[in-house]
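Trainee: Please read through the structure below; I'll follow up with questions.
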Amino acid sequence: MDAALLAAAVPAKSGDRVLEAGCGVGGVLTQIAARRPGVSLTGVERDAVAAGLAVENAALNGLSGRMEAINADIAEGFAALDRPRFDWAISNPPFFDDETALRAPAPTKRGAWIADDGLAAWTRFLSDGVRDGGRIVVIHRADRLADLLALLGERCGSFAIRPVQPYADQAAKRVLVHAIRSGKAPLRLLPALVLHDRSGAKHAPEAEAILRGEAALDW
């Protein structure tokens, strides 16, 4: 769900270059490619096996000319990639910095749950990775919103926040955060995306349309 929502929240234009920190096997990037023809996509992934699978997935989906995956660690910083800055930098970072804050995840899942260098390393990579006026989109736990705003706010502004609620009468568990490098506009709190209703359907109509690629989350 997080990957689908992140991909839907990147309204890149043809010719734009999109960078994803922690791309895994390329699930978000391939979805953006399907939604946004003409967009160039680069993923960075520390796990060599996952990065290799992302390359394979690009080939299987006919995207080798538009999508690449680089086996690198975001903790080394954006400059280590030796690439020009991107138009977009996106991520679904690991949720936790402190391994004692939760039951230990399975070893194969640890990298997806624990940010060894903290959330600050991820926000720094994203901020460094976009040009002035470039855009950052992050999906994360709602209880990390204050941390995200503080860390991204060191170089970015013009924040837009979209809460993601399980039901209309329940608190948000996720937030989508959009920021612009060097942006100065006031923060905007957008209407929440509600994933489920009480009709018995698997998803609420808006969420279903987004998951099927029939709608997007614009800013």
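Identifiers in the structure tokens: chain A, B, ... in order shown; residue index from 1 per chain; ligand index from 1 in order shown.
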Write out as a PyMOL selection string each polymer residue whose atoms come within 6 Å of Val138 (chain A), counting only C-alpha atoms; drop sequence neighbours fewer than 2 positions from it.
Mentor: chain A and resi 90-92+176-177
Trainee: May I have the residues within 12 Å of Lys184 (chain A) as a PyMOL selection string, using only C-alpha atoms and disregarding those fewer than 4 positions away in the same chain?
Mentor: chain A and resi 132-133+153-160+179-180+188
Trainee: Would you mind exporting the chosen residues as a PDB file, in the first residue's frame, restricted to all heavy atoms?
Mentor:
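Output file part_36.pdb follows:
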ATOM      1  N   ASP A 132      17.463  23.116  -6.862  1.00  0.00           N
ATOM      2  CA  ASP A 132      16.629  24.156  -6.270  1.00  0.00           C
ATOM      3  C   ASP A 132      15.312  24.223  -7.044  1.00  0.00           C
ATOM      4  O   ASP A 132      15.308  24.263  -8.284  1.00  0.00           O
ATOM      5  CB  ASP A 132      17.337  25.514  -6.332  1.00  0.00           C
ATOM      6  CG  ASP A 132      18.371  25.673  -5.239  1.00  0.00           C
ATOM      7  OD1 ASP A 132      18.342  24.888  -4.272  1.00  0.00           O
ATOM      8  OD2 ASP A 132      19.214  26.576  -5.344  1.00  0.00           O
ATOM      9  N   GLY A 133      14.215  24.206  -6.313  1.00  0.00           N
ATOM     10  CA  GLY A 133      12.909  24.146  -6.945  1.00  0.00           C
ATOM     11  C   GLY A 133      12.445  22.730  -7.211  1.00  0.00           C
ATOM     12  O   GLY A 133      11.293  22.517  -7.599  1.00  0.00           O
ATOM     13  N   GLY A 153      13.079  20.636   6.717  1.00  0.00           N
ATOM     14  CA  GLY A 153      12.996  22.082   6.803  1.00  0.00           C
ATOM     15  C   GLY A 153      14.335  22.781   6.836  1.00  0.00           C
ATOM     16  O   GLY A 153      14.409  24.006   6.674  1.00  0.00           O
ATOM     17  N   GLU A 154      15.418  22.040   7.023  1.00  0.00           N
ATOM     18  CA  GLU A 154      16.749  22.650   7.008  1.00  0.00           C
ATOM     19  C   GLU A 154      17.093  23.207   5.626  1.00  0.00           C
ATOM     20  O   GLU A 154      17.841  24.178   5.513  1.00  0.00           O
ATOM     21  CB  GLU A 154      17.794  21.612   7.435  1.00  0.00           C
ATOM     22  CG  GLU A 154      17.651  21.171   8.887  1.00  0.00           C
ATOM     23  CD  GLU A 154      18.613  20.064   9.255  1.00  0.00           C
ATOM     24  OE1 GLU A 154      19.484  19.722   8.404  1.00  0.00           O
ATOM     25  OE2 GLU A 154      18.527  19.536  10.375  1.00  0.00           O
ATOM     26  N   ARG A 155      16.538  22.599   4.562  1.00  0.00           N
ATOM     27  CA  ARG A 155      16.843  23.048   3.202  1.00  0.00           C
ATOM     28  C   ARG A 155      15.600  23.227   2.339  1.00  0.00           C
ATOM     29  O   ARG A 155      15.697  23.766   1.233  1.00  0.00           O
ATOM     30  CB  ARG A 155      17.776  22.046   2.515  1.00  0.00           C
ATOM     31  CG  ARG A 155      19.120  21.889   3.189  1.00  0.00           C
ATOM     32  CD  ARG A 155      20.011  20.936   2.438  1.00  0.00           C
ATOM     33  NE  ARG A 155      21.265  20.733   3.137  1.00  0.00           N
ATOM     34  CZ  ARG A 155      22.215  19.912   2.729  1.00  0.00           C
ATOM     35  NH1 ARG A 155      22.049  19.221   1.612  1.00  0.00           N
ATOM     36  NH2 ARG A 155      23.326  19.770   3.424  1.00  0.00           N
ATOM     37  N   CYS A 156      14.474  22.769   2.822  1.00  0.00           N
ATOM     38  CA  CYS A 156      13.265  22.741   1.992  1.00  0.00           C
ATOM     39  C   CYS A 156      12.130  23.485   2.677  1.00  0.00           C
ATOM     40  O   CYS A 156      12.175  23.770   3.874  1.00  0.00           O
ATOM     41  CB  CYS A 156      12.835  21.297   1.725  1.00  0.00           C
ATOM     42  SG  CYS A 156      14.120  20.287   0.971  1.00  0.00           S
ATOM     43  N   GLY A 157      11.114  23.796   1.903  1.00  0.00           N
ATOM     44  CA  GLY A 157       9.913  24.438   2.425  1.00  0.00           C
ATOM     45  C   GLY A 157       8.739  24.155   1.519  1.00  0.00           C
ATOM     46  O   GLY A 157       8.727  23.159   0.806  1.00  0.00           O
ATOM     47  N   SER A 158       7.727  25.049   1.567  1.00  0.00           N
ATOM     48  CA  SER A 158       6.512  24.875   0.761  1.00  0.00           C
ATOM     49  C   SER A 158       5.906  23.494   1.008  1.00  0.00           C
ATOM     50  O   SER A 158       5.512  22.791   0.068  1.00  0.00           O
ATOM     51  CB  SER A 158       6.810  25.067  -0.729  1.00  0.00           C
ATOM     52  OG  SER A 158       7.372  26.338  -0.965  1.00  0.00           O
ATOM     53  N   PHE A 159       5.820  23.112   2.269  1.00  0.00           N
ATOM     54  CA  PHE A 159       5.340  21.778   2.611  1.00  0.00           C
ATOM     55  C   PHE A 159       3.855  21.619   2.298  1.00  0.00           C
ATOM     56  O   PHE A 159       3.055  22.533   2.493  1.00  0.00           O
ATOM     57  CB  PHE A 159       5.549  21.503   4.102  1.00  0.00           C
ATOM     58  CG  PHE A 159       6.978  21.282   4.481  1.00  0.00           C
ATOM     59  CD1 PHE A 159       7.697  22.275   5.121  1.00  0.00           C
ATOM     60  CD2 PHE A 159       7.606  20.082   4.197  1.00  0.00           C
ATOM     61  CE1 PHE A 159       9.016  22.075   5.483  1.00  0.00           C
ATOM     62  CE2 PHE A 159       8.922  19.865   4.553  1.00  0.00           C
ATOM     63  CZ  PHE A 159       9.634  20.872   5.191  1.00  0.00           C
ATOM     64  N   ALA A 160       3.506  20.436   1.814  1.00  0.00           N
ATOM     65  CA  ALA A 160       2.111  20.013   1.698  1.00  0.00           C
ATOM     66  C   ALA A 160       2.026  18.634   2.335  1.00  0.00           C
ATOM     67  O   ALA A 160       2.855  17.762   2.059  1.00  0.00           O
ATOM     68  CB  ALA A 160       1.662  19.976   0.252  1.00  0.00           C
ATOM     69  N   ALA A 179       7.633  18.425  -0.353  1.00  0.00           N
ATOM     70  CA  ALA A 179       8.437  19.611  -0.046  1.00  0.00           C
ATOM     71  C   ALA A 179       9.166  20.064  -1.297  1.00  0.00           C
ATOM     72  O   ALA A 179       9.392  19.277  -2.220  1.00  0.00           O
ATOM     73  CB  ALA A 179       9.441  19.311   1.065  1.00  0.00           C
ATOM     74  N   ILE A 180       9.524  21.330  -1.326  1.00  0.00           N
ATOM     75  CA  ILE A 180      10.272  21.905  -2.439  1.00  0.00           C
ATOM     76  C   ILE A 180      11.592  22.453  -1.899  1.00  0.00           C
ATOM     77  O   ILE A 180      11.600  23.197  -0.904  1.00  0.00           O
ATOM     78  CB  ILE A 180       9.471  23.029  -3.119  1.00  0.00           C
ATOM     79  CG1 ILE A 180       8.178  22.454  -3.716  1.00  0.00           C
ATOM     80  CG2 ILE A 180      10.302  23.717  -4.195  1.00  0.00           C
ATOM     81  CD1 ILE A 180       7.279  23.494  -4.339  1.00  0.00           C
ATOM     82  N   ARG A 188       0.788  23.666   3.807  1.00  0.00           N
ATOM     83  CA  ARG A 188      -0.612  23.361   3.513  1.00  0.00           C
ATOM     84  C   ARG A 188      -0.950  21.968   4.031  1.00  0.00           C
ATOM     85  O   ARG A 188      -0.218  21.012   3.769  1.00  0.00           O
ATOM     86  CB  ARG A 188      -0.877  23.412   2.005  1.00  0.00           C
ATOM     87  CG  ARG A 188      -0.739  24.800   1.400  1.00  0.00           C
ATOM     88  CD  ARG A 188      -0.944  24.763  -0.117  1.00  0.00           C
ATOM     89  NE  ARG A 188       0.076  23.981  -0.779  1.00  0.00           N
ATOM     90  CZ  ARG A 188      -0.163  22.986  -1.626  1.00  0.00           C
ATOM     91  NH1 ARG A 188      -1.413  22.639  -1.922  1.00  0.00           N
ATOM     92  NH2 ARG A 188       0.829  22.333  -2.194  1.00  0.00           N
TER      93      ARG A 188
END
Trainee: Write out as a PyMOL selection string all residues of chain A that backbone DSSP assigns to alpha helix (DSSP H).
Mentor: chain A and resi 2-8+27-35+48-60+110-113+118-129+145-152+205-211
Trainee: Do you know which residues are at most 12 Å from His140 (chain A) counting only C-alpha atoms, after dropping those on the same chain fewer than 2 positions away, and could you put them as a PDB file with C-alpha atoms, in the first residue's frame?
Mentor:
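Here's the written file out.pdb:
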ATOM      1  CA  MET A   1       0.000   0.000   0.000  1.00  0.00           C
ATOM      2  CA  ASP A   2       2.756   2.479   0.912  1.00  0.00           C
ATOM      3  CA  ALA A   3       4.542   1.845  -2.396  1.00  0.00           C
ATOM      4  CA  LEU A   5       0.500   5.597  -2.620  1.00  0.00           C
ATOM      5  CA  LEU A   6       4.036   6.953  -3.024  1.00  0.00           C
ATOM      6  CA  ILE A  90      11.246  10.290  -3.238  1.00  0.00           C
ATOM      7  CA  SER A  91      11.354   7.648  -0.531  1.00  0.00           C
ATOM      8  CA  ASN A  92       9.555   5.363   1.872  1.00  0.00           C
ATOM      9  CA  PRO A  93      12.325   5.361   4.504  1.00  0.00           C
ATOM     10  CA  PRO A  94      12.700   2.736   7.235  1.00  0.00           C
ATOM     11  CA  PHE A  95      10.223   3.506  10.010  1.00  0.00           C
ATOM     12  CA  PHE A  96      12.487   3.233  13.056  1.00  0.00           C
ATOM     13  CA  TRP A 113      12.420  -1.340   9.189  1.00  0.00           C
ATOM     14  CA  LEU A 119      16.014   9.419   9.426  1.00  0.00           C
ATOM     15  CA  TRP A 122      17.577   9.831   4.422  1.00  0.00           C
ATOM     16  CA  THR A 123      16.292  13.401   4.464  1.00  0.00           C
ATOM     17  CA  VAL A 137       7.878  13.250  -1.666  1.00  0.00           C
ATOM     18  CA  VAL A 138       8.043  10.950   1.352  1.00  0.00           C
ATOM     19  CA  ALA A 142       2.207   9.741  10.990  1.00  0.00           C
ATOM     20  CA  ASP A 143       4.001   9.861  14.336  1.00  0.00           C
ATOM     21  CA  ARG A 144       7.245  10.846  12.556  1.00  0.00           C
ATOM     22  CA  LEU A 145       5.711  13.920  10.905  1.00  0.00           C
ATOM     23  CA  ALA A 146       7.380  16.392  13.277  1.00  0.00           C
ATOM     24  CA  ASP A 147      10.776  14.766  12.635  1.00  0.00           C
ATOM     25  CA  LEU A 148      10.266  14.886   8.864  1.00  0.00           C
ATOM     26  CA  LEU A 149       9.318  18.557   8.891  1.00  0.00           C
ATOM     27  CA  ILE A 161       0.909  17.200   3.952  1.00  0.00           C
ATOM     28  CA  ARG A 162      -1.721  14.603   3.137  1.00  0.00           C
ATOM     29  CA  PRO A 163      -2.790  12.353   6.036  1.00  0.00           C
ATOM     30  CA  VAL A 164      -3.705   8.766   5.173  1.00  0.00           C
ATOM     31  CA  ALA A 172      -4.016   8.807  10.332  1.00  0.00           C
ATOM     32  CA  LYS A 173      -1.351   6.117  10.440  1.00  0.00           C
ATOM     33  CA  ARG A 174       0.623   7.412   7.466  1.00  0.00           C
ATOM     34  CA  VAL A 175       1.431  10.821   6.026  1.00  0.00           C
ATOM     35  CA  LEU A 176       2.523  11.806   2.554  1.00  0.00           C
ATOM     36  CA  VAL A 177       4.820  14.842   2.730  1.00  0.00           C
ATOM     37  CA  HIS A 178       5.670  17.001  -0.274  1.00  0.00           C
TER      38      HIS A 178
END
Trainee: Looking at A:Gly183, A:Gly27, A:Ala216, A:Gly200, which one is nearest to Glu56 (chain A), with distances taken over only C-alpha atoms?
Mentor: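 The shortest atom-to-atom distance to Glu56 (chain A) comes from A:Gly27.
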Trainee: Can you tell me which residues surround Ala204 (chain A) at a distance of at most 9 Å, considering only C-alpha atoms, apart from same-chain residues fewer than 4 positions away, and format the answer as a list in words?
Mentor: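 Non-adjacent residues within range: Tyr167, Val194, Leu195, His196, Asp197, Arg198, Ser199, Glu208 and Ala209 of chain A.
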